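Dropping my_file.cif in here (mmCIF, C-alpha atoms and all ligand atoms):
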```
data_upload
loop_
_atom_site.label_atom_id
_atom_site.label_comp_id
_atom_site.auth_asym_id
_atom_site.auth_seq_id
_atom_site.Cartn_x
_atom_site.Cartn_y
_atom_site.Cartn_z
CA MET X 3 -45.36 -48.40 153.84
CA LYS X 4 -47.50 -45.27 154.06
CA THR X 5 -45.24 -42.24 154.07
CA LEU X 6 -46.54 -38.98 155.44
CA ALA X 7 -44.90 -37.10 152.58
CA SER X 8 -47.13 -38.96 150.10
CA LEU X 9 -50.30 -37.54 151.72
CA SER X 10 -51.94 -34.39 150.42
CA LYS X 11 -52.18 -31.21 152.46
CA ALA X 12 -55.91 -31.81 152.95
CA GLN X 13 -55.32 -35.36 154.20
CA LEU X 14 -52.63 -34.17 156.61
CA THR X 15 -54.81 -31.33 157.87
CA ASP X 16 -57.61 -33.77 158.52
CA MET X 17 -55.22 -36.08 160.43
CA GLU X 18 -53.89 -33.16 162.44
CA LYS X 19 -57.40 -32.20 163.51
CA LYS X 20 -58.32 -35.71 164.64
CA LEU X 21 -55.04 -36.17 166.51
CA SER X 22 -55.37 -32.77 168.19
CA ASP X 23 -58.82 -33.79 169.45
CA GLN X 24 -57.44 -37.06 170.86
CA TYR X 25 -54.52 -35.19 172.41
CA ASN X 26 -56.72 -32.54 174.02
CA ASP X 27 -58.99 -35.22 175.37
CA PHE X 28 -55.98 -36.82 177.09
CA LYS X 29 -54.80 -33.46 178.37
CA SER X 30 -58.14 -32.75 179.99
CA ARG X 31 -57.80 -35.92 182.09
CA ASN X 32 -54.98 -34.33 184.16
CA ILE X 33 -52.96 -37.52 184.37
CA THR X 34 -49.42 -37.91 185.71
CA LEU X 35 -47.36 -40.67 184.10
CA ASP X 36 -43.62 -41.29 184.08
CA MET X 37 -41.54 -43.21 181.53
CA SER X 38 -38.37 -41.18 182.09
CA ARG X 39 -35.75 -42.86 184.30
CA GLY X 40 -35.08 -46.60 184.35
CA LYS X 41 -36.13 -47.26 187.91
CA PRO X 42 -37.33 -50.69 189.02
CA SER X 43 -40.97 -50.89 190.06
CA GLY X 44 -42.03 -51.52 193.66
CA ASP X 45 -42.85 -55.14 192.75
CA GLN X 46 -39.32 -55.65 191.43
CA LEU X 47 -37.82 -54.08 194.56
CA ASN X 48 -39.94 -56.37 196.74
CA LEU X 49 -38.13 -59.36 195.23
CA SER X 50 -34.99 -58.23 197.09
CA ASN X 51 -36.60 -57.59 200.45
CA GLY X 52 -34.82 -60.66 201.84
CA ILE X 53 -31.72 -58.46 202.03
CA LEU X 54 -33.54 -56.27 204.54
CA THR X 55 -35.37 -58.90 206.51
CA ALA X 56 -32.74 -61.63 206.98
CA PRO X 57 -30.81 -60.98 210.21
CA LEU X 58 -27.06 -60.69 209.83
CA GLU X 59 -26.22 -63.19 212.53
CA ASN X 60 -22.69 -63.97 211.48
CA TYR X 61 -20.67 -60.90 210.71
CA ILE X 62 -17.31 -62.66 210.60
CA THR X 63 -16.25 -62.97 206.97
CA GLU X 64 -14.61 -66.02 205.38
CA GLN X 65 -11.27 -64.32 205.93
CA GLY X 66 -12.06 -64.15 209.65
CA ILE X 67 -12.56 -60.38 209.60
CA ASP X 68 -15.28 -58.78 211.71
CA ALA X 69 -17.40 -56.98 209.09
CA ARG X 70 -18.52 -54.48 211.70
CA ASN X 71 -15.03 -53.08 211.99
CA TYR X 72 -12.38 -51.52 209.74
CA GLY X 73 -10.40 -53.81 207.49
CA ILE X 74 -10.19 -55.11 203.89
CA LEU X 75 -9.81 -52.47 201.22
CA ASP X 76 -10.92 -54.26 198.09
CA GLY X 77 -13.95 -56.28 199.17
CA ILE X 78 -14.70 -59.43 201.14
CA ASP X 79 -13.71 -62.72 199.52
CA GLU X 80 -17.22 -64.15 199.33
CA VAL X 81 -18.59 -61.23 197.29
CA LYS X 82 -15.52 -61.22 195.04
CA ARG X 83 -16.05 -64.92 194.40
CA LEU X 84 -19.73 -64.33 193.59
CA PHE X 85 -18.89 -61.65 190.99
CA SER X 86 -15.87 -63.55 189.75
CA ASP X 87 -18.03 -66.61 189.01
CA LEU X 88 -20.79 -64.46 187.53
CA LEU X 89 -18.64 -62.33 185.24
CA ASP X 90 -15.62 -64.57 184.79
CA ILE X 91 -13.13 -62.00 186.07
CA PRO X 92 -10.32 -63.17 188.39
CA CYS X 93 -10.83 -62.00 192.00
CA TYR X 94 -7.41 -60.41 191.97
CA ASN X 95 -8.45 -58.06 189.18
CA MET X 96 -11.44 -56.53 190.95
CA ILE X 97 -12.19 -54.12 193.74
CA ILE X 98 -15.61 -54.17 195.37
CA GLY X 99 -16.44 -50.53 195.94
CA GLY X 100 -19.40 -48.72 197.39
CA ASN X 101 -22.97 -48.38 196.28
CA SER X 102 -22.55 -47.04 192.74
CA SER X 103 -20.74 -48.00 189.55
CA LEU X 104 -21.27 -44.49 188.20
CA ASN X 105 -19.30 -43.22 191.18
CA LEU X 106 -16.50 -45.66 190.29
CA ILE X 107 -16.55 -44.42 186.68
CA TYR X 108 -16.31 -40.82 187.88
CA ASP X 109 -13.43 -41.74 190.20
CA ALA X 110 -11.67 -43.60 187.38
CA MET X 111 -11.91 -40.50 185.18
CA ALA X 112 -10.72 -38.32 188.07
CA ARG X 113 -7.67 -40.56 188.68
CA LEU X 114 -6.76 -40.44 185.00
CA TYR X 115 -7.25 -36.67 185.04
CA MET X 116 -5.11 -36.12 188.14
CA PHE X 117 -2.54 -38.91 188.04
CA GLY X 118 -2.60 -40.54 184.60
CA SER X 119 -2.07 -44.29 184.54
CA LEU X 120 1.03 -46.47 184.68
CA GLY X 121 3.36 -43.50 184.24
CA SER X 122 1.47 -41.62 181.49
CA THR X 123 0.80 -37.88 181.60
CA PRO X 124 -2.30 -36.99 183.65
CA TRP X 125 -5.13 -36.22 181.26
CA GLY X 126 -5.73 -32.92 183.03
CA LYS X 127 -2.28 -31.73 181.89
CA LEU X 128 -2.99 -32.37 178.21
CA ASP X 129 -4.33 -29.72 175.82
CA LYS X 130 -7.01 -32.02 174.52
CA VAL X 131 -8.52 -35.32 175.56
CA LYS X 132 -11.11 -36.94 173.31
CA ILE X 133 -13.45 -39.73 174.36
CA LEU X 134 -15.35 -41.81 171.82
CA CYS X 135 -19.03 -42.01 172.67
CA PRO X 136 -21.14 -44.62 170.90
CA VAL X 137 -24.56 -43.07 170.25
CA PRO X 138 -27.27 -43.21 171.33
CA GLY X 139 -25.79 -43.65 174.78
CA TYR X 140 -26.14 -43.02 178.50
CA ASP X 141 -26.55 -39.37 179.49
CA ARG X 142 -24.68 -39.72 182.78
CA HIS X 143 -21.55 -41.00 180.99
CA PHE X 144 -21.67 -37.90 178.84
CA ALA X 145 -22.15 -35.66 181.87
CA ILE X 146 -18.96 -37.06 183.46
CA CYS X 147 -16.90 -36.50 180.29
CA GLU X 148 -18.30 -33.00 179.97
CA GLU X 149 -17.47 -32.16 183.58
CA PHE X 150 -13.79 -33.03 183.01
CA GLY X 151 -13.71 -31.01 179.79
CA PHE X 152 -13.08 -34.05 177.58
CA GLU X 153 -14.22 -33.63 173.99
CA MET X 154 -16.84 -36.23 173.17
CA VAL X 155 -16.76 -37.71 169.69
CA CYS X 156 -19.93 -39.49 168.55
CA VAL X 157 -19.58 -42.93 167.00
CA PRO X 158 -22.74 -44.54 165.62
CA LEU X 159 -23.85 -47.73 167.34
CA LYS X 160 -24.53 -50.37 164.71
CA LYS X 161 -26.46 -53.57 165.36
CA ASP X 162 -23.43 -55.33 166.86
CA GLY X 163 -21.67 -52.46 168.63
CA PRO X 164 -19.91 -49.22 167.75
CA ASP X 165 -18.90 -48.64 164.14
CA MET X 166 -15.49 -50.30 164.50
CA ASP X 167 -14.07 -49.02 161.21
CA MET X 168 -14.61 -45.53 162.55
CA VAL X 169 -13.25 -46.42 166.02
CA GLU X 170 -10.09 -47.98 164.54
CA SER X 171 -9.49 -44.92 162.43
CA MET X 172 -10.14 -42.48 165.30
CA VAL X 173 -7.76 -44.15 167.75
CA LYS X 174 -4.87 -43.26 165.44
CA ASP X 175 -5.21 -39.79 166.98
CA PRO X 176 -3.13 -39.70 170.21
CA ALA X 177 -5.66 -37.29 171.77
CA VAL X 178 -8.29 -40.07 171.69
CA LYS X 179 -7.91 -41.60 175.13
CA GLY X 180 -10.95 -43.75 175.64
CA ILE X 181 -14.31 -45.13 174.62
CA MET X 182 -17.49 -45.43 176.70
CA CYS X 183 -19.13 -48.82 176.24
CA VAL X 184 -22.29 -50.42 177.60
CA PRO X 185 -21.58 -53.74 175.90
CA LEU X 186 -24.72 -55.76 176.69
CA TYR X 187 -28.30 -54.48 176.25
CA SER X 188 -26.93 -50.95 175.96
CA ASN X 189 -28.70 -47.97 177.44
CA PRO X 190 -30.86 -46.96 175.59
CA ASP X 191 -31.20 -49.16 172.51
CA GLY X 192 -30.34 -52.62 173.80
CA THR X 193 -27.37 -53.18 171.51
CA CYS X 194 -25.21 -56.23 172.32
CA TYR X 195 -21.57 -56.17 171.22
CA SER X 196 -20.64 -59.10 169.00
CA ASP X 197 -17.53 -61.23 169.57
CA GLU X 198 -15.95 -59.53 166.57
CA THR X 199 -16.55 -56.08 168.09
CA VAL X 200 -14.98 -57.15 171.41
CA MET X 201 -11.99 -58.66 169.61
CA ARG X 202 -11.47 -55.55 167.52
CA LEU X 203 -11.62 -53.31 170.62
CA ALA X 204 -9.02 -55.54 172.27
CA ALA X 205 -6.78 -55.79 169.22
CA MET X 206 -6.83 -52.27 167.78
CA GLU X 207 -3.65 -50.26 167.81
CA THR X 208 -4.15 -47.02 169.69
CA ALA X 209 -1.82 -44.05 169.30
CA ALA X 210 -2.42 -43.27 173.00
CA PRO X 211 -0.57 -45.87 175.12
CA ASP X 212 -2.91 -45.03 178.01
CA PHE X 213 -6.11 -45.61 176.00
CA LYS X 214 -8.94 -46.95 178.18
CA ILE X 215 -12.09 -48.92 177.38
CA PHE X 216 -14.75 -47.92 179.92
CA TRP X 217 -16.65 -51.23 179.96
CA ASP X 218 -19.81 -50.40 181.88
CA ASN X 219 -21.53 -53.77 181.99
CA ALA X 220 -24.52 -52.39 183.90
CA TYR X 221 -26.96 -54.80 182.18
CA GLY X 222 -24.63 -57.80 182.01
CA VAL X 223 -27.16 -60.23 183.53
CA HIS X 224 -30.39 -58.45 182.55
CA HIS X 225 -31.74 -60.94 180.04
CA VAL X 226 -35.44 -60.28 179.40
CA PHE X 227 -36.43 -62.14 176.22
CA LYS X 228 -33.28 -64.08 175.43
CA GLN X 229 -29.88 -64.60 176.97
CA VAL X 230 -27.22 -63.03 174.79
CA SER X 231 -23.67 -63.89 175.77
CA LEU X 232 -20.92 -61.33 175.76
CA MET X 233 -17.34 -62.21 174.95
CA ASN X 234 -15.08 -61.80 177.97
CA ILE X 235 -13.06 -58.62 177.38
CA PHE X 236 -10.29 -59.84 179.68
CA ASP X 237 -9.85 -62.99 177.56
CA ALA X 238 -9.87 -60.92 174.37
CA CYS X 239 -7.32 -58.38 175.68
CA ARG X 240 -5.10 -61.14 177.09
CA GLN X 241 -4.52 -62.35 173.54
CA PHE X 242 -3.27 -58.95 172.42
CA HIS X 243 -1.46 -57.94 175.65
CA THR X 244 -3.84 -55.00 176.07
CA LYS X 245 -5.40 -55.87 179.45
CA ASP X 246 -4.36 -52.59 180.97
CA ARG X 247 -6.70 -50.71 178.67
CA ILE X 248 -9.74 -52.26 180.43
CA LEU X 249 -11.75 -50.44 183.07
CA TYR X 250 -14.66 -52.76 183.83
CA PHE X 251 -17.66 -51.65 185.91
CA PHE X 252 -20.64 -53.53 187.28
CA SER X 253 -23.15 -53.09 190.10
CA THR X 254 -26.21 -54.63 191.68
CA SER X 255 -28.18 -51.39 191.31
CA LYS X 256 -30.62 -52.86 188.79
CA ILE X 257 -30.47 -56.25 190.51
CA THR X 258 -31.38 -55.39 194.10
CA PHE X 259 -31.87 -51.79 195.27
CA PRO X 260 -30.63 -48.93 193.03
CA GLY X 261 -28.10 -46.89 194.92
CA SER X 262 -27.99 -49.37 197.80
CA GLY X 263 -26.24 -52.33 196.26
CA VAL X 264 -22.58 -53.01 195.67
CA ALA X 265 -20.46 -51.95 192.71
CA LEU X 266 -17.15 -53.13 191.35
CA VAL X 267 -14.30 -51.94 189.20
CA ALA X 268 -11.93 -54.38 187.53
CA ALA X 269 -8.80 -53.87 185.46
CA GLY X 270 -5.71 -55.66 184.16
CA ASP X 271 -3.02 -56.96 186.56
CA GLU X 272 -0.75 -53.94 186.49
CA TYR X 273 -3.37 -51.26 186.38
CA ILE X 274 -5.49 -52.76 189.18
CA ARG X 275 -2.39 -52.69 191.41
CA GLU X 276 -2.09 -48.97 190.78
CA ILE X 277 -5.81 -48.41 191.33
CA LYS X 278 -5.65 -50.29 194.64
CA ARG X 279 -2.88 -47.94 195.76
CA HIS X 280 -5.09 -44.94 195.03
CA PHE X 281 -8.07 -46.58 196.75
CA GLY X 282 -5.90 -47.04 199.82
CA ARG X 283 -5.46 -43.27 200.02
CA GLN X 284 -9.13 -42.60 199.39
CA THR X 285 -10.72 -44.87 201.98
CA ILE X 286 -9.97 -47.37 204.74
CA GLY X 287 -12.52 -49.69 203.19
CA TYR X 288 -16.05 -49.89 201.82
CA ASP X 289 -19.23 -51.10 203.51
CA LYS X 290 -18.54 -54.76 204.32
CA ILE X 291 -21.85 -55.16 206.16
CA ASN X 292 -23.72 -54.39 202.94
CA GLN X 293 -21.40 -56.71 201.03
CA LEU X 294 -22.21 -59.54 203.47
CA ARG X 295 -25.94 -58.90 203.18
CA VAL X 296 -25.77 -59.04 199.39
CA TYR X 297 -23.69 -62.22 199.52
CA ASN X 298 -26.03 -63.92 202.02
CA PHE X 299 -29.01 -63.08 199.82
CA PHE X 300 -27.55 -64.64 196.66
CA LYS X 301 -24.92 -67.11 197.93
CA ASP X 302 -23.83 -68.09 194.44
CA VAL X 303 -24.33 -67.54 190.72
CA ASP X 304 -27.40 -69.80 190.62
CA GLY X 305 -29.00 -67.65 193.33
CA MET X 306 -28.25 -64.52 191.34
CA LEU X 307 -29.50 -65.93 188.05
CA SER X 308 -32.77 -67.23 189.48
CA HIS X 309 -33.33 -63.77 190.99
CA MET X 310 -32.66 -62.23 187.55
CA ALA X 311 -35.19 -64.62 186.02
CA ALA X 312 -37.81 -63.42 188.53
CA LEU X 313 -36.99 -59.79 187.69
CA ALA X 314 -37.27 -60.53 183.98
CA LYS X 315 -40.71 -62.06 184.58
CA GLU X 316 -41.80 -58.73 186.05
CA LEU X 317 -40.30 -56.73 183.21
CA ARG X 318 -41.41 -58.82 180.24
CA PRO X 319 -45.11 -57.84 180.25
CA LYS X 320 -44.06 -54.18 180.37
CA PHE X 321 -41.70 -54.48 177.43
CA ASN X 322 -44.50 -56.34 175.63
CA ILE X 323 -46.96 -53.50 176.21
CA VAL X 324 -44.49 -51.02 174.73
CA LEU X 325 -43.51 -53.19 171.79
CA GLU X 326 -47.03 -54.37 170.95
CA THR X 327 -48.37 -50.81 171.06
CA LEU X 328 -45.58 -49.60 168.79
CA ASN X 329 -46.30 -52.46 166.39
CA GLN X 330 -50.02 -51.72 166.31
CA GLU X 331 -49.56 -48.01 165.79
CA PHE X 332 -46.47 -47.74 163.60
CA GLU X 333 -45.73 -51.07 161.96
CA ASP X 334 -46.59 -49.76 158.53
CA SER X 335 -45.53 -46.16 158.98
CA ASP X 336 -42.48 -43.96 158.51
CA MET X 337 -43.25 -41.97 161.66
CA LEU X 338 -41.31 -44.16 164.07
CA GLN X 339 -38.48 -46.73 163.94
CA TRP X 340 -37.35 -49.02 166.76
CA LYS X 341 -35.90 -52.43 167.38
CA LYS X 342 -36.88 -54.99 169.98
CA PRO X 343 -34.30 -55.17 172.77
CA LEU X 344 -33.57 -58.64 174.14
CA GLY X 345 -32.74 -57.39 177.61
CA GLY X 346 -31.77 -54.37 179.68
CA TYR X 347 -34.10 -51.63 180.77
CA PHE X 348 -35.10 -49.53 177.78
CA VAL X 349 -36.73 -49.28 174.39
CA SER X 350 -35.19 -46.65 172.17
CA VAL X 351 -37.23 -45.19 169.32
CA ASN X 352 -36.42 -42.83 166.47
CA THR X 353 -39.00 -40.35 165.25
CA MET X 354 -38.87 -38.65 161.87
CA HIS X 355 -36.05 -36.10 161.88
CA GLY X 356 -36.89 -32.98 163.83
CA CYS X 357 -39.77 -34.51 165.81
CA ALA X 358 -38.27 -35.86 169.06
CA LYS X 359 -38.21 -32.61 171.05
CA GLU X 360 -41.73 -31.74 169.99
CA THR X 361 -42.99 -35.23 170.89
CA VAL X 362 -41.45 -35.00 174.37
CA ARG X 363 -42.84 -31.48 174.83
CA LEU X 364 -46.35 -32.53 173.82
CA ALA X 365 -46.17 -35.55 176.15
CA LYS X 366 -45.01 -33.44 179.06
CA GLU X 367 -47.81 -30.92 178.58
CA ALA X 368 -50.32 -33.73 178.73
CA GLY X 369 -48.80 -35.19 181.92
CA LEU X 370 -46.36 -37.82 180.61
CA SER X 371 -42.68 -37.43 181.59
CA LEU X 372 -40.14 -38.81 179.16
CA THR X 373 -36.34 -38.59 179.17
CA ASN X 374 -35.45 -35.27 177.52
CA ALA X 375 -34.98 -35.52 173.78
CA GLY X 376 -31.26 -35.17 173.05
CA ALA X 377 -30.22 -36.74 176.37
CA THR X 378 -28.94 -39.84 174.61
CA TYR X 379 -26.30 -37.75 172.76
CA PRO X 380 -23.25 -35.87 174.07
CA TYR X 381 -23.97 -32.28 175.04
CA GLY X 382 -27.70 -33.10 174.81
CA LYS X 383 -27.54 -32.59 171.03
CA ASP X 384 -29.12 -35.22 168.85
CA PRO X 385 -28.19 -33.99 165.34
CA ASP X 386 -31.37 -35.51 163.88
CA ASP X 387 -33.62 -34.58 166.83
CA SER X 388 -34.98 -38.07 166.54
CA ASN X 389 -34.05 -40.40 169.43
CA ILE X 390 -36.29 -40.91 172.47
CA ARG X 391 -35.62 -43.34 175.32
CA ILE X 392 -38.62 -45.15 176.79
CA ALA X 393 -38.20 -46.62 180.27
CA PRO X 394 -41.07 -49.08 180.89
CA SER X 395 -40.07 -50.57 184.26
CA TYR X 396 -41.49 -48.13 186.79
CA PRO X 397 -45.18 -47.60 185.91
CA THR X 398 -47.78 -50.29 186.48
CA CYS X 399 -49.06 -52.14 183.41
CA ASP X 400 -52.27 -50.06 183.45
CA GLU X 401 -50.31 -46.83 183.65
CA LEU X 402 -47.98 -48.00 180.93
CA GLU X 403 -50.88 -48.75 178.58
CA GLN X 404 -52.18 -45.22 179.05
CA ALA X 405 -48.71 -43.74 178.75
CA MET X 406 -48.06 -45.58 175.49
CA GLU X 407 -51.42 -44.52 174.06
CA LEU X 408 -50.60 -40.91 174.79
CA PHE X 409 -47.02 -41.32 173.56
CA CYS X 410 -48.21 -42.61 170.18
CA ILE X 411 -50.64 -39.71 169.79
CA CYS X 412 -47.78 -37.28 170.54
CA VAL X 413 -45.46 -38.93 167.99
CA LYS X 414 -48.16 -38.79 165.34
CA LEU X 415 -49.14 -35.21 166.10
CA ALA X 416 -45.53 -34.01 166.00
CA SER X 417 -44.91 -35.92 162.74
CA VAL X 418 -48.05 -34.69 160.98
CA ARG X 419 -47.35 -31.10 161.98
CA LYS X 420 -43.77 -31.46 160.69
CA ALA X 421 -45.05 -32.91 157.39
CA LEU X 422 -47.49 -29.99 157.05
CA GLU X 423 -44.54 -27.56 157.26
CA TYR X 424 -43.34 -28.92 153.91
CA LYS X 425 -46.70 -28.60 152.13
C1 LIG X 501 -25.29 -47.82 181.69
C2 LIG X 501 -25.47 -47.49 183.12
N1 LIG X 501 -24.40 -47.39 183.91
C3 LIG X 501 -24.51 -47.07 185.22
C4 LIG X 501 -25.73 -46.84 185.79
C5 LIG X 501 -25.81 -46.44 187.23
O1 LIG X 501 -25.40 -47.49 188.02
P1 LIG X 501 -25.09 -47.31 189.58
O2 LIG X 501 -26.36 -47.17 190.29
O3 LIG X 501 -24.32 -48.55 189.93
O4 LIG X 501 -24.24 -46.09 189.73
C6 LIG X 501 -26.89 -46.94 185.02
C7 LIG X 501 -28.21 -46.66 185.60
O5 LIG X 501 -29.20 -46.52 184.94
C8 LIG X 501 -26.75 -47.26 183.65
O6 LIG X 501 -27.81 -47.36 182.84
#
```
Re-express the file's structure as structure tokens.
Amino acid sequence: MKTLASLSKAQLTDMEKKLSDQYNDFKSRNITLDMSRGKPSGDQLNLSNGILTAPLENYITEQGIDARNYGILDGIDEVKRLFSDLLDIPCYNMIIGGNSSLNLIYDAMARLYMFGSLGSTPWGKLDKVKILCPVPGYDRHFAICEEFGFEMVCVPLKKDGPDMDMVESMVKDPAVKGIMCVPLYSNPDGTCYSDETVMRLAAMETAAPDFKIFWDNAYGVHHVFKQVSLMNIFDACRQFHTKDRILYFFSTSKITFPGSGVALVAAGDEYIREIKRHFGRQTIGYDKINQLRVYNFFKDVDGMLSHMAALAKELRPKFNIVLETLNQEFEDSDMLQWKKPLGGYFVSVNTMHGCAKETVRLAKEAGLSLTNAGATYPYGKDPDDSNIRIAPSYPTCDELEQAMELFCICVKLASVRKALEYK
């Protein structure tokens, strides 16, 4: 491997000049490209247009309820069955909510803050609440924790999930009340939790009796290159009598229309009973018409999985553009590290320490929007200033090729300039 540090000052200066010329050439083209948020492309959205175009002729649900009217708090039976079959969670343990799983996560935090759970002290009445945050992670999870004043404790994500030795040691502290998990194809680096990780999360002894695992399975069916299977957390927790530590979230945001799908929360037998009581105070019921539309579109798990296969077909060439460009440009270099995700929505890369912010700044100045450097860490602080999240789904393939070309120039320019600082 060629390391930048092994190059002489003259060699680095020469590289800097050439890269600056390439960069300025890009800048002069006045382009606007976006690899920031993980939004589906128009072509992906079109695959769900059947939801909009199929008339809703029968609005009487299987339970004989008129979906146009009030009634049913926790979701219509047919949608529950669809998700129950898909995720292997008993219907009783889930509530079909509104349009957003993030909203359900926020509400779950708010309930714990205001009311506690199953008789425990509300978190808002405690001096300190700590939440374990596997990193790199999802910025909006961190924003919720920050809003409630919970102290976020970073735990490194290893290749098969959070560093469990560290997690097991941390949960001996009674102030540690929860852990944020995206267990399959994590946002941003595509990590999939191994069976051992799931078992250890289920089995570990926590000093806090009201410890919660926020299991945000947002990418649970988003297989792109290979189908990785995730151990069922309910089965794992059943073995250790810890089911009431689960707070499971899922939505069809990245399956049909982001922000216009249906979301669910699921929990153990006792805790879901308590959550249903709170839901009953919060609303008369969620949007059953939307639930029926989603159900009619998919009908069953096979319908959902063949739709996911069509989405993956759209995404695969885009992931390939990103991964092939990275391979071509950095395979034999210490300027950038990454691993190939098998599914999900993102590619996460690590620059040399101290180069992520500068890379993102350079890209932005030349017309390419990237997720802010630091966003994948609590409080927006990446201690190494190294991680950048690439979201390849939204641009067209042509745009993505240009965006990746520019991105690589920016990484190299930031790295070479950093290396020159040490000469
Ligand atoms: C890990 C994760 N959770 C939740 C969400 C948001 O989901 P929803 O639209 O259901 O709120 C996203 C969206 O990118 C996500 O990546």
Open item on the list: Calculated over all atoms listed in the file, which of the candidates X:Gly376, X:Pro394, X:Pro190, X:Pro319 has the smallest distance to ligand LIG 501 (chain X)?
Closed with: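 Selected residue with least distance to ligand LIG 501 (chain X): X:Pro190.
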Open item on the list: How would you report the residues lying within 6 Å of ligand LIG 501 (chain X), as a ChimeraX atom specification, if you count all atoms listed in the file?
Closed with: /X:40,102-105,140,184,189,218,220,253,255,260-261,265
Open item on the list: Taking 2 positions as the minimum chain separation for residues in the same chain, which residues sit within 8 Å of X:Thr361 when counting all atoms listed in the file? Answer as a list in words.
Closed with: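 Returned residues: Cys357, Ala358, Lys359, Arg363, Leu364, Ala365, Phe409, Cys412, Val413, Leu415 and Ala416 of chain X.
Closest approach to X:Met206 among X:Leu408, X:Leu370, X:Met172, X:Cys183: X:Met172, based on all atoms listed in the file.
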Task: Local residues around (-19.8, -62.5, 176.6), at most 9 Å away, using only C-alpha atoms, as a ChimeraX atom specification - done: /X:89,185-186,195-197,200,222,230-235
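What separates atom CA of X:Gly180 from atom CA of X:Glu272 is a distance of 18.0 Å.
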Task: Separation of atom CA of X:Phe259 from atom CA of X:Lys41, in Å and rounded to one decimal - done: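 Taking atom CA of X:Phe259 and atom CA of X:Lys41, their separation equals 9.6 Å.
Put simply, atom CA of X:Asn219 is 14.9 Å away from atom CA of X:Thr199.
If only C-alpha atoms are the atoms counted, then among X:Pro57, X:Leu328, X:Phe281, X:Val351 the closest residue to X:Ile411 is X:Leu328.
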Long-range neighbours of X:Thr378 as a short mmCIF file (atom, residue, chain, number, x, y, z; two decimals) with C-alpha atoms, in the frame of the given file, 7 Å cut-off, only C-alpha atoms, 5 positions minimum in chain:
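Saved as out_18.cif:
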```cif
data_model
loop_
_atom_site.label_atom_id
_atom_site.label_comp_id
_atom_site.auth_asym_id
_atom_site.auth_seq_id
_atom_site.Cartn_x
_atom_site.Cartn_y
_atom_site.Cartn_z
CA VAL X 137 -24.56 -43.07 170.25
CA PRO X 138 -27.27 -43.21 171.33
CA GLY X 139 -25.79 -43.65 174.78
CA TYR X 140 -26.14 -43.02 178.50
CA ASP X 141 -26.55 -39.37 179.49
#
```
TODO: Identify, on the basis of only C-alpha atoms, every residue whose closest approach to stretch 69-71 of chain X does not exceed 8 Å; exclude the query and any residue fewer than 6 positions from it along the same chain; express the result as a count of residues only.
DONE: 6
Selection: 9 Å around X:Leu49, only C-alpha atoms, excl. self and same-chain fewer than 6 positions, as a short mmCIF file (atom, residue, chain, number, x, y, z; two decimals) with C-alpha atoms, in the frame of the given file:
```cif
data_model
loop_
_atom_site.label_atom_id
_atom_site.label_comp_id
_atom_site.auth_asym_id
_atom_site.auth_seq_id
_atom_site.Cartn_x
_atom_site.Cartn_y
_atom_site.Cartn_z
CA THR X 258 -31.38 -55.39 194.10
CA HIS X 309 -33.33 -63.77 190.99
CA ALA X 312 -37.81 -63.42 188.53
CA LEU X 313 -36.99 -59.79 187.69
#
```
Open item on the list: Calculated over only C-alpha atoms, which of the candidates X:Leu325, X:Leu120, X:Met111, X:Val178 has the smallest distance to X:Cys147?
Closed with: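 So, comparing all the options, the nearest one is X:Met111.
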